[in-house]
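File shown here: input.cif, holding mmCIF, C-alpha atoms.
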data_entry
#
loop_
_atom_site.group_PDB
_atom_site.id
_atom_site.type_symbol
_atom_site.label_atom_id
_atom_site.label_comp_id
_atom_site.auth_asym_id
_atom_site.auth_seq_id
_atom_site.Cartn_x
_atom_site.Cartn_y
_atom_site.Cartn_z
ATOM 1 C CA MET V 1 0.000 0.000 0.000
ATOM 2 C CA LYS V 2 1.381 3.401 -0.917
ATOM 3 C CA VAL V 3 1.346 5.984 1.837
ATOM 4 C CA LEU V 4 1.945 9.680 2.274
ATOM 5 C CA THR V 5 2.498 11.755 5.372
ATOM 6 C CA THR V 6 0.178 14.544 6.442
ATOM 7 C CA LYS V 7 1.115 18.166 6.937
ATOM 8 C CA PRO V 8 1.761 19.518 10.473
ATOM 9 C CA LYS V 9 -1.287 19.354 12.678
ATOM 10 C CA LEU V 10 -3.073 22.145 14.460
ATOM 11 C CA THR V 11 -1.782 22.650 17.992
ATOM 12 C CA LEU V 12 -4.212 23.874 20.629
ATOM 13 C CA ILE V 13 -2.816 25.614 23.655
ATOM 14 C CA ILE V 14 -4.962 25.585 26.737
ATOM 15 C CA LEU V 15 -4.012 27.906 29.528
ATOM 16 C CA LEU V 16 -5.310 26.894 32.882
ATOM 17 C CA ILE V 17 -5.116 29.443 35.597
ATOM 18 C CA LEU V 18 -5.781 28.439 39.148
ATOM 19 C CA ILE V 19 -6.540 31.208 41.558
ATOM 20 C CA PHE V 20 -5.563 30.315 45.056
ATOM 21 C CA ARG V 21 -7.069 31.672 48.254
ATOM 22 C CA PHE V 22 -3.876 33.526 49.217
ATOM 23 C CA GLY V 23 -3.929 35.782 46.157
ATOM 24 C CA PHE V 24 -1.364 34.200 43.848
ATOM 25 C CA SER V 25 -1.931 32.199 40.702
ATOM 26 C CA GLN V 26 -0.319 29.206 39.039
ATOM 27 C CA SER V 27 -0.570 28.600 35.297
ATOM 28 C CA TYR V 28 -0.325 25.283 33.462
ATOM 29 C CA THR V 29 0.108 24.932 29.695
ATOM 30 C CA PHE V 30 -1.009 21.796 27.856
ATOM 31 C CA ASN V 31 -0.096 21.157 24.192
ATOM 32 C CA ILE V 32 -2.693 18.971 22.507
ATOM 33 C CA ASP V 33 -2.093 17.716 18.942
ATOM 34 C CA GLN V 34 -5.464 17.881 17.192
ATOM 35 C CA ALA V 35 -5.427 16.975 13.500
ATOM 36 C CA LEU V 36 -7.805 18.622 11.059
ATOM 37 C CA PRO V 37 -10.509 16.289 9.666
ATOM 38 C CA LEU V 38 -9.273 13.888 6.990
ATOM 39 C CA LYS V 39 -10.366 14.761 3.442
ATOM 40 C CA ALA V 40 -10.303 12.685 0.238
ATOM 41 C CA ASN V 41 -10.060 14.128 -3.272
ATOM 42 C CA ALA V 42 -10.858 11.736 -6.143
ATOM 43 C CA GLY V 43 -10.362 14.394 -8.813
ATOM 44 C CA ILE V 44 -12.713 16.006 -11.306
ATOM 45 C CA SER V 45 -15.304 14.000 -13.260
ATOM 46 C CA THR V 46 -14.597 14.076 -16.969
ATOM 47 C CA SER V 47 -15.010 12.147 -20.214
ATOM 48 C CA ILE V 48 -12.550 10.280 -22.423
ATOM 49 C CA PHE V 49 -12.817 8.488 -25.731
ATOM 50 C CA SER V 50 -12.864 4.709 -25.896
ATOM 51 C CA GLY V 51 -9.327 3.336 -25.778
ATOM 52 C CA GLU V 52 -7.883 6.304 -23.871
ATOM 53 C CA SER V 53 -6.509 6.391 -20.314
ATOM 54 C CA ILE V 54 -6.687 9.027 -17.582
ATOM 55 C CA GLN V 55 -5.082 9.672 -14.198
ATOM 56 C CA LEU V 56 -7.445 9.642 -11.232
ATOM 57 C CA GLY V 57 -7.221 11.580 -7.980
ATOM 58 C CA GLY V 58 -6.451 15.107 -6.928
ATOM 59 C CA SER V 59 -3.251 16.976 -6.289
ATOM 60 C CA PRO V 60 -3.044 15.809 -3.576
ATOM 61 C CA SER V 61 -5.626 13.032 -3.201
ATOM 62 C CA ALA V 62 -5.744 13.376 0.611
ATOM 63 C CA LEU V 63 -5.494 16.282 3.035
ATOM 64 C CA ASP V 64 -5.120 16.721 6.794
ATOM 65 C CA GLY V 65 -5.892 13.800 9.092
ATOM 66 C CA TYR V 66 -3.076 12.263 11.141
ATOM 67 C CA GLY V 67 0.079 10.436 10.098
ATOM 68 C CA GLN V 68 0.328 8.334 6.956
ATOM 69 C CA TYR V 69 -2.321 7.902 4.257
ATOM 70 C CA PHE V 70 -3.538 4.560 2.903
ATOM 71 C CA PHE V 71 -5.376 4.619 -0.441
ATOM 72 C CA SER V 72 -7.863 2.219 -2.018
ATOM 73 C CA TRP V 73 -9.871 2.624 -5.265
ATOM 74 C CA GLU V 74 -12.989 0.696 -6.322
ATOM 75 C CA PRO V 75 -13.701 -0.813 -8.718
ATOM 76 C CA SER V 76 -10.118 -1.876 -9.263
ATOM 77 C CA GLU V 77 -10.757 -3.139 -12.809
ATOM 78 C CA GLY V 78 -8.883 -1.142 -15.417
ATOM 79 C CA LEU V 79 -6.546 0.520 -12.859
ATOM 80 C CA ASP V 80 -2.783 0.104 -12.967
ATOM 81 C CA ASP V 81 -2.531 0.320 -9.151
ATOM 82 C CA PRO V 82 -5.746 0.514 -7.063
ATOM 83 C CA ASN V 83 -3.692 1.353 -3.929
ATOM 84 C CA SER V 84 -2.001 4.373 -5.469
ATOM 85 C CA SER V 85 -2.968 7.963 -4.705
ATOM 86 C CA ASN V 86 -3.191 8.700 -8.452
ATOM 87 C CA PRO V 87 -3.722 5.497 -10.477
ATOM 88 C CA ILE V 88 -4.050 5.372 -14.253
ATOM 89 C CA ALA V 89 -7.536 4.272 -15.338
ATOM 90 C CA SER V 90 -8.351 2.650 -18.685
ATOM 91 C CA PRO V 91 -12.090 1.937 -18.407
ATOM 92 C CA LEU V 92 -13.887 0.178 -21.242
ATOM 93 C CA VAL V 93 -17.221 1.716 -20.257
ATOM 94 C CA SER V 94 -18.344 4.706 -18.195
ATOM 95 C CA THR V 95 -17.344 4.073 -14.573
ATOM 96 C CA THR V 96 -17.783 5.695 -11.154
ATOM 97 C CA TYR V 97 -14.595 5.246 -9.116
ATOM 98 C CA ILE V 98 -14.720 5.533 -5.304
ATOM 99 C CA LEU V 99 -11.592 6.603 -3.414
ATOM 100 C CA SER V 100 -11.223 5.525 0.227
ATOM 101 C CA VAL V 101 -8.473 7.089 2.339
ATOM 102 C CA LYS V 102 -7.452 6.077 5.855
ATOM 103 C CA ASP V 103 -4.924 7.793 8.079
ATOM 104 C CA ALA V 104 -2.743 6.497 10.916
ATOM 105 C CA MET V 105 -5.646 6.840 13.363
ATOM 106 C CA ASN V 106 -7.801 4.656 11.080
ATOM 107 C CA CYS V 107 -10.074 7.602 10.241
ATOM 108 C CA LEU V 108 -11.838 7.155 6.905
ATOM 109 C CA ALA V 109 -12.687 9.658 4.177
ATOM 110 C CA GLN V 110 -14.225 8.885 0.779
ATOM 111 C CA ALA V 111 -14.814 10.663 -2.516
ATOM 112 C CA GLU V 112 -15.924 9.612 -5.978
ATOM 113 C CA VAL V 113 -15.276 10.594 -9.567
ATOM 114 C CA VAL V 114 -17.135 9.662 -12.764
ATOM 115 C CA ILE V 115 -15.216 8.857 -15.961
ATOM 116 C CA GLN V 116 -17.548 8.905 -18.941
ATOM 117 C CA VAL V 117 -16.369 6.818 -21.900
ATOM 118 C CA GLU V 118 -17.567 8.216 -25.216
ATOM 119 C CA THR V 119 -17.257 7.110 -28.803
ATOM 120 C CA ASN V 120 -15.439 9.273 -31.296
ATOM 121 C CA SER V 121 -17.073 10.399 -34.495
ATOM 122 C CA ILE V 122 -14.641 8.190 -36.429
ATOM 123 C CA TYR V 123 -16.419 5.215 -34.875
ATOM 124 C CA GLU V 124 -19.478 6.103 -36.904
ATOM 125 C CA LEU V 125 -17.858 4.619 -39.964
ATOM 126 C CA GLU V 126 -20.499 3.064 -42.208
ATOM 127 C CA ILE V 127 -18.904 -0.372 -42.066
ATOM 128 C CA PHE V 128 -19.404 -0.418 -38.282
ATOM 129 C CA ASP V 129 -22.933 0.932 -38.469
ATOM 130 C CA GLN V 130 -23.872 -2.083 -40.589
ATOM 131 C CA LEU V 131 -21.962 -4.665 -38.539
ATOM 132 C CA LYS V 132 -24.199 -7.364 -37.032
ATOM 133 C CA LEU V 133 -23.437 -9.763 -34.156
ATOM 134 C CA TYR V 134 -25.722 -12.733 -33.589
ATOM 135 C CA PRO V 135 -26.942 -14.527 -31.639
ATOM 136 C CA ASN V 136 -26.319 -12.239 -28.676
ATOM 137 C CA PRO V 137 -26.633 -13.608 -25.988
ATOM 138 C CA THR V 138 -24.795 -16.601 -27.406
ATOM 139 C CA GLU V 139 -24.071 -20.106 -26.135
ATOM 140 C CA GLY V 140 -20.582 -20.019 -27.619
ATOM 141 C CA VAL V 141 -20.675 -19.485 -31.383
ATOM 142 C CA LEU V 142 -20.880 -15.850 -32.491
ATOM 143 C CA PHE V 143 -21.616 -14.940 -36.101
ATOM 144 C CA VAL V 144 -20.425 -11.617 -37.468
ATOM 145 C CA ASP V 145 -21.733 -10.029 -40.657
ATOM 146 C CA PHE V 146 -20.305 -6.987 -42.385
ATOM 147 C CA ALA V 147 -22.515 -5.423 -45.010
ATOM 148 C CA GLN V 148 -19.582 -4.959 -47.375
ATOM 149 C CA LEU V 149 -16.110 -6.226 -48.173
ATOM 150 C CA ILE V 150 -13.454 -5.153 -45.659
ATOM 151 C CA GLU V 151 -9.691 -5.220 -45.911
ATOM 152 C CA GLY V 152 -9.290 -7.178 -42.694
ATOM 153 C CA GLY V 153 -8.573 -6.158 -39.132
ATOM 154 C CA GLN V 154 -8.654 -7.553 -35.626
ATOM 155 C CA ALA V 155 -10.941 -7.994 -32.644
ATOM 156 C CA GLU V 156 -9.993 -8.170 -28.964
ATOM 157 C CA ILE V 157 -12.377 -9.697 -26.429
ATOM 158 C CA TYR V 158 -12.170 -8.428 -22.843
ATOM 159 C CA SER V 159 -13.591 -9.754 -19.591
ATOM 160 C CA VAL V 160 -15.475 -7.358 -17.304
ATOM 161 C CA ILE V 161 -12.232 -6.724 -15.364
ATOM 162 C CA GLY V 162 -10.493 -5.512 -18.539
ATOM 163 C CA GLN V 163 -8.411 -8.639 -19.184
ATOM 164 C CA ILE V 164 -7.920 -9.689 -22.816
ATOM 165 C CA VAL V 165 -9.224 -13.248 -23.192
ATOM 166 C CA ARG V 166 -9.124 -13.568 -26.980
ATOM 167 C CA GLN V 167 -7.408 -11.833 -29.879
ATOM 168 C CA ILE V 168 -8.781 -12.510 -33.335
ATOM 169 C CA ARG V 169 -7.319 -11.416 -36.645
ATOM 170 C CA PHE V 170 -9.494 -11.640 -39.719
ATOM 171 C CA ALA V 171 -8.461 -11.268 -43.358
ATOM 172 C CA ALA V 172 -10.445 -9.691 -46.168
ATOM 173 C CA SER V 173 -13.571 -11.678 -46.964
ATOM 174 C CA SER V 174 -15.602 -11.687 -50.132
ATOM 175 C CA THR V 175 -18.766 -12.251 -48.140
ATOM 176 C CA GLY V 176 -18.004 -10.131 -45.055
ATOM 177 C CA GLN V 177 -19.057 -13.047 -42.816
ATOM 178 C CA TYR V 178 -17.060 -14.509 -39.915
ATOM 179 C CA THR V 179 -17.606 -17.069 -37.153
ATOM 180 C CA PHE V 180 -16.036 -16.777 -33.695
ATOM 181 C CA ASN V 181 -16.042 -19.806 -31.383
ATOM 182 C CA LEU V 182 -16.153 -18.636 -27.742
ATOM 183 C CA SER V 183 -17.413 -21.872 -26.210
ATOM 184 C CA ASP V 184 -14.243 -22.296 -24.118
ATOM 185 C CA LEU V 185 -14.900 -19.072 -22.184
ATOM 186 C CA LYS V 186 -16.860 -18.866 -18.935
ATOM 187 C CA THR V 187 -20.410 -17.580 -19.064
ATOM 188 C CA GLY V 188 -20.902 -13.878 -18.369
ATOM 189 C CA LEU V 189 -20.472 -10.420 -19.869
ATOM 190 C CA TYR V 190 -17.641 -9.613 -22.281
ATOM 191 C CA TYR V 191 -16.629 -6.694 -24.466
ATOM 192 C CA ILE V 192 -15.344 -6.966 -28.020
ATOM 193 C CA ARG V 193 -13.281 -4.150 -29.501
ATOM 194 C CA TRP V 194 -13.069 -4.055 -33.290
ATOM 195 C CA SER V 195 -10.079 -2.456 -35.014
ATOM 196 C CA ILE V 196 -10.167 -1.875 -38.760
ATOM 197 C CA GLY V 197 -7.458 0.467 -39.962
ATOM 198 C CA ASP V 198 -7.569 3.546 -37.717
ATOM 199 C CA HIS V 199 -11.172 2.918 -36.708
ATOM 200 C CA GLU V 200 -12.545 1.160 -33.642
ATOM 201 C CA ARG V 201 -15.826 0.074 -32.133
ATOM 202 C CA LEU V 202 -16.806 -1.509 -28.802
ATOM 203 C CA ASP V 203 -19.681 -4.004 -28.372
ATOM 204 C CA LYS V 204 -21.044 -6.058 -25.483
ATOM 205 C CA ILE V 205 -21.315 -9.858 -25.682
ATOM 206 C CA ILE V 206 -23.283 -12.030 -23.278
ATOM 207 C CA LEU V 207 -22.103 -15.639 -23.115
ATOM 208 C CA LYS V 208 -24.610 -18.027 -21.552
#
Show me, as structure tokens, the structure contained in the file I just sent.
Amino acid sequence: MKVLTTKPKLTLIILLILIFRFGFSQSYTFNIDQALPLKANAGISTSIFSGESIQLGGSPSALDGYGQYFFSWEPSEGLDDPNSSNPIASPLVSTTYILSVKDAMNCLAQAEVVIQVETNSIYELEIFDQLKLYPNPTEGVLFVDFAQLIEGGQAEIYSVIGQIVRQIRFAASSTGQYTFNLSDLKTGLYYIRWSIGDHERLDKIILK
């Protein structure tokens, strides 16, 4: 776990004066270290295009509190280090990340940030608009139809935690039809990212 140290804490000085019956006084000074309340800063919500990455957190991501900071981000999928103060996020879909910070006194502060994943206008390429995946949900065999001849490209299939589970390269086809066999994968939700030339598209696949 990565940690940081807080800034100096607020010191309260309490002066206690005791007045005695014989007309003299005695003063006592107590120094009490009282930290300011712990604060978490997850950064500013923003949007990125599909395939891009962004750094999460503020500058700094935690303030005040006492002693060292301990960071934790959820969900951890798509993050290079979920225990870093400023991890790099590469979400496949729009995601709300929650930052939890604890200090040396085990005080907790939380904050959240929303990263919206958008498609670029180049994704609106006609060949993608006419792409068809079926059946979806599928029991293992996925058929892909392009409405026209393509020059070839590749597809990457990701699990919900952002792990690549299949890479598929396809050559030019006179029919624009392809068959992907996914029967060896576990049931659940997957994402398939198409890459044809400089153009990309992201689709959801449900394997049952």
(message) Could you list, as a ChimeraX atom specification, every residue matched by the PyMOL selection byres ((chain V and resi 177-194) around 6) in this structure?
(response) /V:140-145,155-160,175-176,195,200-208
(message) What's around Tyr66 in chain V at 7 Å? Count all atoms listed in the file, leave out sequence neighbours fewer than 5 positions away in its own chain, and write the answer as a list in words.
(response)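 My list of contacting residues is Thr6, Ala35, Asp103, Ala104 and Met105 of chain V.
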(request) Would you work out the distance separating CA of Gly78 in chain V from CA of Thr96 in chain V, expressed in Å to one decimal? (result) 12.0 Å
(request) Using all atoms listed in the file, find the one residue out of V:Tyr97, V:Gly67, V:Glu118, V:Gly162 that sits nearest to Ser45 in chain V. (result)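 Smallest separation from Ser45 in chain V among the options: V:Tyr97.
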With the file shown as input, list the residues that the PyMOL selection byres ((chain V and resi 59) around 10) selects, as a PDB file with C-alpha atoms, in the coordinates of the input.
ATOM      1  CA  ASN V  41     -10.060  14.128  -3.272  1.00  0.00           C
ATOM      2  CA  ALA V  42     -10.858  11.736  -6.143  1.00  0.00           C
ATOM      3  CA  GLY V  43     -10.362  14.394  -8.813  1.00  0.00           C
ATOM      4  CA  LEU V  56      -7.445   9.642 -11.232  1.00  0.00           C
ATOM      5  CA  GLY V  57      -7.221  11.580  -7.980  1.00  0.00           C
ATOM      6  CA  GLY V  58      -6.451  15.107  -6.928  1.00  0.00           C
ATOM      7  CA  PRO V  60      -3.044  15.809  -3.576  1.00  0.00           C
ATOM      8  CA  SER V  61      -5.626  13.032  -3.201  1.00  0.00           C
ATOM      9  CA  ALA V  62      -5.744  13.376   0.611  1.00  0.00           C
ATOM     10  CA  LEU V  63      -5.494  16.282   3.035  1.00  0.00           C
ATOM     11  CA  SER V  85      -2.968   7.963  -4.705  1.00  0.00           C
ATOM     12  CA  ASN V  86      -3.191   8.700  -8.452  1.00  0.00           C
TER      13      ASN V  86
END
(request) For Glu52 in chain V, please output as a PyMOL selection string all residues within 9 Å (counting all atoms listed in the file; exclusion window: fewer than 5 positions along the same chain). (result) chain V and resi 89-92+117
(request) Would you kindly return, as a list of chain:residue names, each protein, DNA or RNA residue with an atom no farther than 10 Å from any atom of Thr46 in chain V, considering all atoms listed in the file and excluding same-chain residues fewer than 5 positions away? (result)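 Result of the neighbour search: V:Ile54, V:Val113, V:Val114, V:Ile115, V:Gln116, V:Val117.
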(request) One decimal, Å: what's the distance from CA of Lys39 in chain V over to CA of Glu77 in chain V, could you say? (result)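 Going from CA of Lys39 in chain V over to CA of Glu77 in chain V, I get 24.2 Å.
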(request) Have a look at CA of Gln163 in chain V and CA of Leu133 in chain V and let me know their distance in Å, one decimal. (result)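 Those two atoms sit 21.2 Å apart.
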Generate N, CA and C atoms for range 47-79 of chain V and emit them as an mmCIF file, in the coordinates of the input.
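Result went into result_26.cif, see below:
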data_model
loop_
_atom_site.group_PDB
_atom_site.id
_atom_site.type_symbol
_atom_site.label_atom_id
_atom_site.label_comp_id
_atom_site.auth_asym_id
_atom_site.auth_seq_id
_atom_site.Cartn_x
_atom_site.Cartn_y
_atom_site.Cartn_z
ATOM 1 N N SER V 47 -14.723 13.161 -19.194
ATOM 2 C CA SER V 47 -15.010 12.147 -20.214
ATOM 3 C C SER V 47 -13.767 11.887 -21.047
ATOM 4 N N ILE V 48 -13.634 10.663 -21.527
ATOM 5 C CA ILE V 48 -12.550 10.280 -22.423
ATOM 6 C C ILE V 48 -13.150 9.495 -23.582
ATOM 7 N N PHE V 49 -12.382 9.324 -24.624
ATOM 8 C CA PHE V 49 -12.817 8.488 -25.731
ATOM 9 C C PHE V 49 -12.417 7.048 -25.485
ATOM 10 N N SER V 50 -13.152 6.131 -26.044
ATOM 11 C CA SER V 50 -12.864 4.709 -25.896
ATOM 12 C C SER V 50 -11.427 4.418 -26.330
ATOM 13 N N GLY V 51 -10.707 3.671 -25.484
ATOM 14 C CA GLY V 51 -9.327 3.336 -25.778
ATOM 15 C C GLY V 51 -8.320 4.254 -25.108
ATOM 16 N N GLU V 52 -8.779 5.369 -24.540
ATOM 17 C CA GLU V 52 -7.883 6.304 -23.871
ATOM 18 C C GLU V 52 -7.744 5.962 -22.387
ATOM 19 N N SER V 53 -6.737 6.550 -21.751
ATOM 20 C CA SER V 53 -6.509 6.391 -20.314
ATOM 21 C C SER V 53 -6.488 7.759 -19.658
ATOM 22 N N ILE V 54 -6.672 7.768 -18.322
ATOM 23 C CA ILE V 54 -6.687 9.027 -17.582
ATOM 24 C C ILE V 54 -6.194 8.778 -16.163
ATOM 25 N N GLN V 55 -5.563 9.776 -15.579
ATOM 26 C CA GLN V 55 -5.082 9.672 -14.198
ATOM 27 C C GLN V 55 -6.174 10.131 -13.239
ATOM 28 N N LEU V 56 -6.431 9.328 -12.224
ATOM 29 C CA LEU V 56 -7.445 9.642 -11.232
ATOM 30 C C LEU V 56 -6.819 10.364 -10.034
ATOM 31 N N GLY V 57 -7.671 10.975 -9.213
ATOM 32 C CA GLY V 57 -7.221 11.580 -7.980
ATOM 33 C C GLY V 57 -6.912 13.054 -8.112
ATOM 34 N N GLY V 58 -6.744 13.688 -6.963
ATOM 35 C CA GLY V 58 -6.451 15.107 -6.928
ATOM 36 C C GLY V 58 -4.968 15.352 -6.757
ATOM 37 N N SER V 59 -4.643 16.593 -6.492
ATOM 38 C CA SER V 59 -3.251 16.976 -6.289
ATOM 39 C C SER V 59 -3.164 17.871 -5.045
ATOM 40 N N PRO V 60 -3.157 17.244 -3.844
ATOM 41 C CA PRO V 60 -3.044 15.809 -3.576
ATOM 42 C C PRO V 60 -4.415 15.129 -3.489
ATOM 43 N N SER V 61 -4.389 13.808 -3.306
ATOM 44 C CA SER V 61 -5.626 13.032 -3.201
ATOM 45 C C SER V 61 -6.129 12.920 -1.765
ATOM 46 N N ALA V 62 -5.328 13.397 -0.801
ATOM 47 C CA ALA V 62 -5.744 13.376 0.611
ATOM 48 C C ALA V 62 -5.162 14.591 1.316
ATOM 49 N N LEU V 63 -5.930 15.123 2.266
ATOM 50 C CA LEU V 63 -5.494 16.282 3.035
ATOM 51 C C LEU V 63 -5.783 16.068 4.519
ATOM 52 N N ASP V 64 -4.927 16.680 5.346
ATOM 53 C CA ASP V 64 -5.120 16.721 6.794
ATOM 54 C C ASP V 64 -5.154 15.304 7.384
ATOM 55 N N GLY V 65 -5.958 15.082 8.418
ATOM 56 C CA GLY V 65 -5.892 13.800 9.092
ATOM 57 C C GLY V 65 -4.616 13.692 9.913
ATOM 58 N N TYR V 66 -4.225 12.470 10.260
ATOM 59 C CA TYR V 66 -3.076 12.263 11.141
ATOM 60 C C TYR V 66 -2.183 11.151 10.603
ATOM 61 N N GLY V 67 -0.893 11.458 10.472
ATOM 62 C CA GLY V 67 0.079 10.436 10.098
ATOM 63 C C GLY V 67 0.044 10.096 8.620
ATOM 64 N N GLN V 68 0.222 8.803 8.327
ATOM 65 C CA GLN V 68 0.328 8.334 6.956
ATOM 66 C C GLN V 68 -1.047 8.093 6.341
ATOM 67 N N TYR V 69 -1.092 8.164 5.001
ATOM 68 C CA TYR V 69 -2.321 7.902 4.257
ATOM 69 C C TYR V 69 -2.251 6.515 3.613
ATOM 70 N N PHE V 70 -3.401 5.848 3.570
ATOM 71 C CA PHE V 70 -3.538 4.560 2.903
ATOM 72 C C PHE V 70 -4.680 4.691 1.898
ATOM 73 N N PHE V 71 -4.410 4.394 0.628
ATOM 74 C CA PHE V 71 -5.376 4.619 -0.441
ATOM 75 C C PHE V 71 -5.951 3.307 -0.969
ATOM 76 N N SER V 72 -7.213 3.376 -1.402
ATOM 77 C CA SER V 72 -7.863 2.219 -2.018
ATOM 78 C C SER V 72 -8.933 2.735 -2.983
ATOM 79 N N TRP V 73 -8.903 2.225 -4.237
ATOM 80 C CA TRP V 73 -9.871 2.624 -5.265
ATOM 81 C C TRP V 73 -10.748 1.441 -5.640
ATOM 82 N N GLU V 74 -12.044 1.709 -5.841
ATOM 83 C CA GLU V 74 -12.989 0.696 -6.322
ATOM 84 C C GLU V 74 -13.886 1.315 -7.405
ATOM 85 N N PRO V 75 -14.217 0.536 -8.441
ATOM 86 C CA PRO V 75 -13.701 -0.813 -8.718
ATOM 87 C C PRO V 75 -12.236 -0.750 -9.145
ATOM 88 N N SER V 76 -11.539 -1.835 -8.933
ATOM 89 C CA SER V 76 -10.118 -1.876 -9.263
ATOM 90 C C SER V 76 -9.866 -2.245 -10.725
ATOM 91 N N GLU V 77 -10.915 -2.729 -11.410
ATOM 92 C CA GLU V 77 -10.757 -3.139 -12.809
ATOM 93 C C GLU V 77 -10.336 -1.948 -13.668
ATOM 94 N N GLY V 78 -9.335 -2.180 -14.510
ATOM 95 C CA GLY V 78 -8.883 -1.142 -15.417
ATOM 96 C C GLY V 78 -7.907 -0.154 -14.802
ATOM 97 N N LEU V 79 -7.500 -0.366 -13.525
ATOM 98 C CA LEU V 79 -6.546 0.520 -12.859
ATOM 99 C C LEU V 79 -5.166 -0.127 -12.820
#
